[in-house]
Structure formats: structure tokens, C-alpha cells
>>> print(open('coords-v7.cif').read())   # mmCIF, C-alpha atoms
data_model
#
loop_
_atom_site.label_atom_id
_atom_site.label_comp_id
_atom_site.auth_asym_id
_atom_site.auth_seq_id
_atom_site.Cartn_x
_atom_site.Cartn_y
_atom_site.Cartn_z
CA MET A 1 -27.94 -5.97 -7.46
CA ARG A 2 -27.81 -4.71 -3.88
CA LEU A 3 -24.17 -5.02 -2.87
CA LEU A 4 -23.02 -4.62 0.72
CA ILE A 5 -19.27 -4.12 1.14
CA PHE A 6 -17.52 -4.48 4.47
CA GLY A 7 -14.34 -2.40 4.44
CA PRO A 8 -14.41 0.05 1.49
CA GLY A 9 -10.64 0.34 1.03
CA TYR A 10 -8.43 0.71 -2.03
CA ALA A 11 -9.69 -2.27 -4.06
CA ALA A 12 -13.30 -1.87 -2.99
CA THR A 13 -13.28 1.78 -4.05
CA ARG A 14 -12.19 0.73 -7.55
CA LEU A 15 -14.92 -1.94 -7.58
CA ILE A 16 -17.56 0.59 -6.56
CA ALA A 17 -16.50 2.87 -9.42
CA ARG A 18 -16.58 -0.05 -11.86
CA LEU A 19 -20.12 -1.03 -10.82
CA ALA A 20 -21.51 2.51 -10.88
CA GLY A 21 -24.96 2.45 -12.44
CA ARG A 22 -25.18 -1.34 -12.23
CA ALA A 23 -25.69 -1.84 -8.52
CA GLU A 24 -27.10 -0.27 -5.39
CA ILE A 25 -24.04 -0.26 -3.11
CA ALA A 26 -23.80 0.21 0.64
CA THR A 27 -20.52 0.22 2.53
CA VAL A 28 -19.66 -0.66 6.12
CA THR A 29 -16.76 1.17 7.72
CA ARG A 30 -15.26 0.70 11.17
CA GLU A 31 -17.34 3.65 12.36
CA SER A 32 -20.59 2.24 10.93
CA PHE A 33 -19.99 -1.41 11.80
CA ALA A 34 -22.73 -1.88 14.39
CA GLY A 35 -26.37 -2.56 13.61
CA ARG A 36 -26.04 -3.76 10.00
CA ALA A 37 -28.18 -6.92 10.21
CA GLY A 38 -30.96 -5.24 8.23
CA ASP A 39 -28.54 -4.34 5.44
CA ILE A 40 -27.33 -7.93 5.33
CA ALA A 41 -30.89 -9.23 5.02
CA ARG A 42 -31.61 -6.84 2.13
CA ALA A 43 -28.38 -7.52 0.22
CA THR A 44 -28.24 -9.72 -2.84
CA HIS A 45 -24.43 -9.67 -2.76
CA ILE A 46 -22.07 -9.34 0.23
CA LEU A 47 -18.32 -8.72 -0.05
CA SER A 48 -15.85 -8.45 2.82
CA THR A 49 -12.43 -6.89 2.33
CA VAL A 50 -11.68 -6.71 6.08
CA PRO A 51 -8.47 -8.43 7.21
CA PRO A 52 -8.64 -10.47 10.40
CA GLY A 53 -7.18 -9.70 13.78
CA GLU A 54 -7.14 -12.64 16.14
CA GLU A 55 -10.52 -13.45 14.57
CA ASP A 56 -12.42 -12.22 11.56
CA PRO A 57 -14.49 -9.27 12.85
CA VAL A 58 -17.19 -9.57 10.18
CA LEU A 59 -17.80 -13.26 10.77
CA ALA A 60 -17.54 -12.87 14.53
CA THR A 61 -20.31 -10.26 14.51
CA TYR A 62 -22.45 -11.16 11.53
CA GLY A 63 -21.49 -14.68 10.48
CA SER A 64 -24.87 -16.26 11.20
CA GLN A 65 -26.78 -13.46 9.45
CA ILE A 66 -24.53 -13.68 6.39
CA ALA A 67 -24.92 -17.46 6.25
CA ALA A 68 -28.71 -17.11 6.41
CA ALA A 69 -29.00 -14.23 3.94
CA GLY A 70 -29.04 -16.35 0.78
CA ALA A 71 -26.86 -13.73 -0.91
CA TRP A 72 -23.80 -14.10 -3.11
CA ILE A 73 -20.83 -14.05 -0.72
CA GLY A 74 -17.31 -12.86 -1.51
CA TYR A 75 -14.17 -12.40 0.57
CA LEU A 76 -10.84 -10.83 -0.38
CA SER A 77 -8.15 -13.06 1.12
CA SER A 78 -4.40 -13.32 0.59
CA THR A 79 -2.08 -15.72 -1.17
CA GLY A 80 -0.09 -15.42 2.05
CA VAL A 81 -2.24 -18.31 3.32
CA TYR A 82 0.04 -20.63 1.33
CA GLY A 83 3.12 -19.62 3.30
CA ASP A 84 6.63 -20.01 1.94
CA THR A 85 7.00 -22.55 -0.87
CA GLY A 86 10.63 -21.88 -1.73
CA GLY A 87 9.60 -20.40 -5.07
CA ALA A 88 7.39 -23.30 -6.13
CA TRP A 89 4.06 -22.75 -7.87
CA VAL A 90 0.89 -22.92 -5.77
CA ASP A 91 -2.70 -23.27 -6.86
CA GLU A 92 -5.95 -23.48 -4.91
CA THR A 93 -5.37 -27.15 -4.05
CA ALA A 94 -2.20 -26.36 -2.10
CA PRO A 95 -2.38 -26.67 1.68
CA MET A 96 -2.43 -23.50 3.71
CA GLY A 97 0.92 -22.67 5.24
CA THR A 98 1.61 -22.03 8.88
CA GLY A 99 4.08 -19.09 9.19
CA ARG A 100 3.01 -15.51 9.69
CA ARG A 101 -0.48 -15.64 8.18
CA THR A 102 -2.21 -18.11 10.49
CA ALA A 103 -5.03 -15.68 11.34
CA ARG A 104 -5.59 -15.01 7.64
CA ALA A 105 -5.62 -18.76 6.92
CA ARG A 106 -8.26 -19.30 9.62
CA ALA A 107 -10.39 -16.48 8.24
CA ASP A 108 -9.99 -17.79 4.68
CA ALA A 109 -11.17 -21.25 5.76
CA ALA A 110 -14.08 -19.83 7.75
CA TRP A 111 -15.38 -17.79 4.80
CA LEU A 112 -14.88 -20.70 2.42
CA ALA A 113 -16.97 -22.88 4.73
CA LEU A 114 -20.02 -20.68 4.15
CA ALA A 115 -22.35 -22.13 1.56
CA GLY A 116 -21.84 -20.42 -1.80
CA ALA A 117 -18.83 -18.35 -0.77
CA HIS A 118 -16.25 -17.04 -3.22
CA VAL A 119 -12.80 -16.47 -1.73
CA PHE A 120 -10.38 -14.43 -3.85
CA ARG A 121 -6.75 -14.98 -2.80
CA LEU A 122 -4.61 -11.98 -3.70
CA PRO A 123 -0.88 -11.30 -3.85
CA GLY A 124 0.58 -7.78 -3.58
CA ILE A 125 -1.84 -5.25 -5.06
CA TYR A 126 -0.66 -2.26 -7.09
CA GLY A 127 -2.36 0.39 -9.15
CA PRO A 128 -2.89 4.16 -9.46
CA GLY A 129 -1.37 5.91 -6.46
CA ARG A 130 0.00 2.65 -5.02
CA SER A 131 2.66 1.30 -7.31
CA PRO A 132 6.42 0.87 -7.61
CA LEU A 133 6.45 4.03 -9.72
CA ASP A 134 5.12 6.04 -6.79
CA ARG A 135 7.69 4.54 -4.44
CA ILE A 136 10.51 5.14 -6.91
CA ARG A 137 9.55 8.81 -7.22
CA ALA A 138 9.39 9.06 -3.43
CA GLY A 139 12.80 7.42 -3.04
CA THR A 140 11.36 4.52 -1.02
CA ALA A 141 11.87 1.63 -3.44
CA PRO A 142 15.09 -0.20 -2.56
CA ARG A 143 16.27 -3.09 -4.70
CA ILE A 144 16.79 -6.06 -2.40
CA ASP A 145 19.49 -8.54 -3.36
CA LEU A 146 17.83 -11.94 -2.81
CA PRO A 147 18.73 -14.29 -5.68
CA GLY A 148 15.86 -16.62 -6.55
CA GLN A 149 13.26 -14.61 -4.62
CA VAL A 150 10.09 -13.97 -6.62
CA PHE A 151 6.66 -12.55 -5.91
CA SER A 152 3.34 -12.56 -7.68
CA ARG A 153 1.30 -9.38 -7.91
CA ILE A 154 -2.02 -8.11 -9.25
CA HIS A 155 -3.08 -4.80 -10.76
CA VAL A 156 -6.07 -3.50 -8.81
CA ASP A 157 -8.23 -3.26 -11.94
CA ASP A 158 -7.53 -6.91 -12.79
CA LEU A 159 -8.53 -7.77 -9.22
CA VAL A 160 -11.79 -5.88 -9.73
CA GLU A 161 -12.49 -7.71 -13.00
CA GLY A 162 -11.83 -11.03 -11.25
CA VAL A 163 -14.39 -10.25 -8.56
CA ILE A 164 -16.91 -9.18 -11.21
CA ALA A 165 -16.29 -12.43 -13.12
CA GLY A 166 -16.91 -14.25 -9.86
CA LEU A 167 -20.37 -12.73 -9.51
CA ALA A 168 -21.61 -15.22 -12.08
CA GLY A 169 -19.13 -17.98 -11.29
CA PRO A 170 -19.36 -21.03 -9.05
CA PRO A 171 -18.30 -20.72 -5.41
CA GLY A 172 -14.84 -21.69 -4.26
CA ALA A 173 -11.34 -20.28 -3.85
CA TYR A 174 -9.68 -18.39 -6.71
CA ASN A 175 -6.15 -17.04 -7.02
CA LEU A 176 -6.17 -13.67 -8.78
CA ALA A 177 -2.57 -12.99 -9.80
CA ASP A 178 -0.70 -11.92 -12.90
CA ASP A 179 1.08 -14.36 -15.21
CA LEU A 180 4.69 -13.52 -14.33
CA PRO A 181 6.01 -13.86 -10.79
CA ALA A 182 9.20 -11.81 -10.68
CA PRO A 183 11.87 -10.47 -8.31
CA GLN A 184 11.02 -7.14 -6.75
CA SER A 185 14.44 -5.87 -7.83
CA ASP A 186 13.50 -6.42 -11.49
CA VAL A 187 10.26 -4.52 -11.02
CA VAL A 188 12.06 -1.55 -9.48
CA ALA A 189 14.68 -1.54 -12.23
CA TYR A 190 12.01 -1.57 -14.93
CA GLY A 191 10.09 1.22 -13.19
CA CYS A 192 13.25 3.33 -13.03
CA ALA A 193 13.77 2.84 -16.75
CA LEU A 194 10.22 3.99 -17.48
CA LEU A 195 10.72 7.09 -15.38
CA GLY A 196 14.17 7.85 -16.76
CA LEU A 197 15.70 7.61 -13.30
CA PRO A 198 18.90 5.83 -12.24
CA VAL A 199 18.49 2.26 -11.05
CA PRO A 200 19.50 1.99 -7.39
CA PRO A 201 22.09 -0.66 -6.53
CA ALA A 202 20.86 -3.94 -5.10
CA VAL A 203 21.45 -4.13 -1.37
CA PRO A 204 21.35 -7.05 1.08
CA LEU A 205 18.14 -7.41 3.03
CA GLU A 206 19.93 -6.72 6.30
CA ALA A 207 21.23 -3.38 5.01
CA ALA A 208 17.97 -2.12 3.49
CA GLY A 209 16.62 -0.53 6.69
CA LEU A 210 13.20 -2.16 6.30
CA SER A 211 10.58 -2.32 9.01
CA PRO A 212 9.88 -5.74 10.60
CA ARG A 213 6.66 -5.93 8.60
CA ALA A 214 8.45 -5.22 5.33
CA ARG A 215 11.21 -7.70 6.18
CA ALA A 216 8.56 -10.35 6.81
CA PHE A 217 7.35 -9.82 3.24
CA TYR A 218 10.71 -11.09 2.01
CA ALA A 219 10.56 -14.18 4.23
CA GLU A 220 8.23 -15.89 1.73
CA ASN A 221 8.95 -17.00 -1.81
CA ARG A 222 6.27 -18.45 -4.08
CA ARG A 223 4.74 -18.37 -7.54
CA VAL A 224 0.94 -18.09 -7.62
CA ALA A 225 -0.90 -19.96 -10.36
CA ASN A 226 -4.03 -18.30 -11.76
CA GLY A 227 -5.27 -21.07 -14.06
CA LYS A 228 -8.46 -21.85 -12.13
CA ALA A 229 -9.79 -18.30 -12.41
CA LYS A 230 -9.03 -18.36 -16.13
CA ARG A 231 -10.70 -21.73 -16.71
CA VAL A 232 -13.71 -21.40 -14.45
CA LEU A 233 -14.46 -17.67 -14.46
CA GLY A 234 -13.21 -16.82 -17.95
CA TRP A 235 -11.01 -14.13 -16.36
CA ARG A 236 -7.81 -12.87 -17.92
CA PRO A 237 -5.52 -10.24 -16.39
CA ARG A 238 -5.26 -7.31 -18.77
CA HIS A 239 -1.97 -6.43 -17.09
CA ALA A 240 -0.54 -9.90 -17.50
CA ASP A 241 2.87 -8.99 -16.12
CA TYR A 242 4.45 -6.11 -14.22
CA ARG A 243 5.81 -4.54 -17.41
CA LEU A 244 2.34 -4.11 -18.89
CA GLY A 245 1.01 -2.84 -15.57
CA LEU A 246 3.76 -0.30 -15.03
CA ARG A 247 3.61 0.91 -18.63
CA ALA A 248 -0.13 1.51 -18.27
CA LEU A 249 0.42 3.43 -15.03
CA SER A 250 3.29 5.40 -16.53
CA ALA A 251 1.08 6.48 -19.42
CA THR A 252 -1.56 7.92 -17.08
CA THR A 253 0.68 9.49 -14.41
CA SER A 254 2.45 12.83 -14.62
CA PRO A 255 6.23 12.28 -14.80
CA ALA A 256 6.70 15.46 -12.78
CA SER A 257 4.83 14.15 -9.77
CA THR A 258 7.09 13.85 -6.75
CA SER A 259 4.54 13.68 -3.95
CA PRO A 260 5.09 10.68 -1.70
CA ALA A 261 2.41 8.02 -2.17
CA PRO A 262 1.42 4.96 -0.16
CA PRO A 263 3.32 1.77 -0.98
CA SER A 264 1.82 -0.95 -3.12
CA ALA A 265 -0.84 -2.63 -1.06
CA SER A 266 -0.36 -6.09 0.23
CA ALA A 267 -3.42 -8.29 0.30
CA ASP A 268 -3.88 -7.12 3.89
CA GLN A 269 -4.08 -3.46 2.78
CA ARG A 270 -6.95 -3.68 0.37
#
>>> encode(input="coords-v7.cif", output="C-alpha cells")
Amino acid sequence: MRLLIFGPGYAATRLIARLAGRAEIATVTRESFAGRAGDIARATHILSTVPPGEEDPVLATYGSQIAAAGAWIGYLSSTGVYGDTGGAWVDETAPMGTGRRTARARADAAWLALAGAHVFRLPGIYGPGRSPLDRIRAGTAPRIDLPGQVFSRIHVDDLVEGVIAGLAGPPGAYNLADDLPAPQSDVVAYGCALLGLPVPPAVPLEAAGLSPRARAFYAENRRVANGKAKRVLGWRPRHADYRLGLRALSATTSPASTSPAPPSASADQR
């Protein structure tokens, strides 16, 4: 396997570690973006983790070469393409929403239109160094009082296993999410219990002092179904809900750590 990865961020770094010894891997950063047509032609597998701006930069520059390469094609997208569903379940047959992720929806559709492409739609990503536990320790994990608001999420290692399962699976769109959409306030409360810290009171969204980007996160409410990835790829999330994921992270993280860490990644911070 000769794997070419555009955008070696958080998830891609975990994938590279997982494939060590099994693949020849080249990465494309913003600084090394130009002049990669030869790498595309040599690749047997191509994965993009690059979020779009007004357009998808990878497709805008290399779309024709990628389409002609005959390689396995993968793209890390976002379940944000579904928009707000008022808490209803969505699977891969659901229409793409309009809202705040229109550029992502266009990029998702453009990658999916390539012959043989695999598009992995991701909710909020968490894992070592980027989890509610890190934000709780840093004092940056408010509990937002929004009754009925739920989110899906995915542990980064389950994301990686989903992509690996997709290497041998048929093309198409796949939701990679855990089995239990849950309110963010419940996740924070459970994380506090694991760390032996007091649970902060729930506060209204307007009083939480969130950035516009963070507030926009709470403007959508949906449950992401993962049945297709289970049926077609034989994938199962090892961290099937946030409790299992946080317990696993708690077991491998020093309780004494108080260094601020980045927040859990959204699917646009892969």
C-alpha cells in the first residue's frame, strides 16, 4: 500500500501510527501542497482530511489527477452536512442540510461523485489530548442547559478503525459515530465524576460566554445512525458510548495533569 494523505492532522496522525509497517505513507501539508501530481500517480490509496473553504482545495487543485489515478479514494467529511434534524436520527440516505455547513456539503458531494470514493461522515472527534477530560481539567468545559439537545461523537481510534475497514469495503458514504448520542452536559458530568471533580452547574447558552463558532455547534441537534458501516464494513466502535470512551482515556491519563489541552475536535478539526 502506498498511501498519500492530504492534511496530516489529529485523526490522520493516529491512522499513520496504526498503519506503521503496513504501508508506505506520504503526507501533504499546506507548506508542501504544490507539485504533488507525481505522488498522486504513484499512490494506491489517497485520503483527504482537508476541510473546505469556499471550495475544496484538494479537488480544486488535483481533482482530475485523483480521478484518473485509479487509486482507492477516501475523504473525511462531517455529519454536519445533515444540518439540524431536531434530534431525529439520520443515516446516509438523509438529504444534506442547508444551514452552516453548505461548503462542507458541496465538498462531500464532490468527493462522493468520484468513481470509487469512500466518504466518512464524522461527528465530534475526541481522544487522547482532545477530550472532555482535558477540558474539564483546564476549566473550559461548561455544562450547557439545553433540554433535548443531543450530539453524536466518535473516539479517534474508532474513526481510524472505520477508515481501515473501508480500505476493503465498497465505495459510498459511511457515518462513523458511536452508539449513544447524548447531551454534552451529561458527558461533562460523567467526566467530572471520573476525575473526582465537582460537577459545574448547568448554565443557559446565552450565559456560557461561548465564541460564535462554539455557539453554532449548539444550533444543531441530531442523532447519527451508524448501521451502514456496521453492516457493510463489519465495523464496530470499541468505545460504543461516551462512558466507555472516557473511562478508557481516564485509565491512560495522569489524574494530576492540569496542562490546558485543545478541545475535542469537531469534524472540521481533524
>>> atom_distance(input="coords-v7.cif", atom1="atom CA of Leu3 of chain A", atom2="atom CA of Thr27 of chain A")
8.4 Å
>>> residues_around(input="coords-v7.cif", residues="segment 108-125 of chain A", least_positions_apart="2", cutoff="8 Å", atoms="only C-alpha atoms", output="ChimeraX atom specification")
/A:59,67,72-81,104-106,127,151-156,159,163,166,170-177,224,264-267,270
>>> atom_distance(input="coords-v7.cif", atom1="atom CA of Glu220 of chain A", atom2="atom CA of Gly83 of chain A")
6.5 Å
>>> closest_residue(input="coords-v7.cif", among="A:Ala107, A:Ile136, A:Leu19, A:Ala229", to="Val58 of chain A", atoms="all atoms listed in the file")
A:Ala107
>>> residues_near_point(input="coords-v7.cif", point="(-6.0, -10.2, 12.5)", cutoff="10 Å", atoms="all atoms listed in the file", output="ChimeraX atom specification")
/A:50-57,101-104,106-107,268
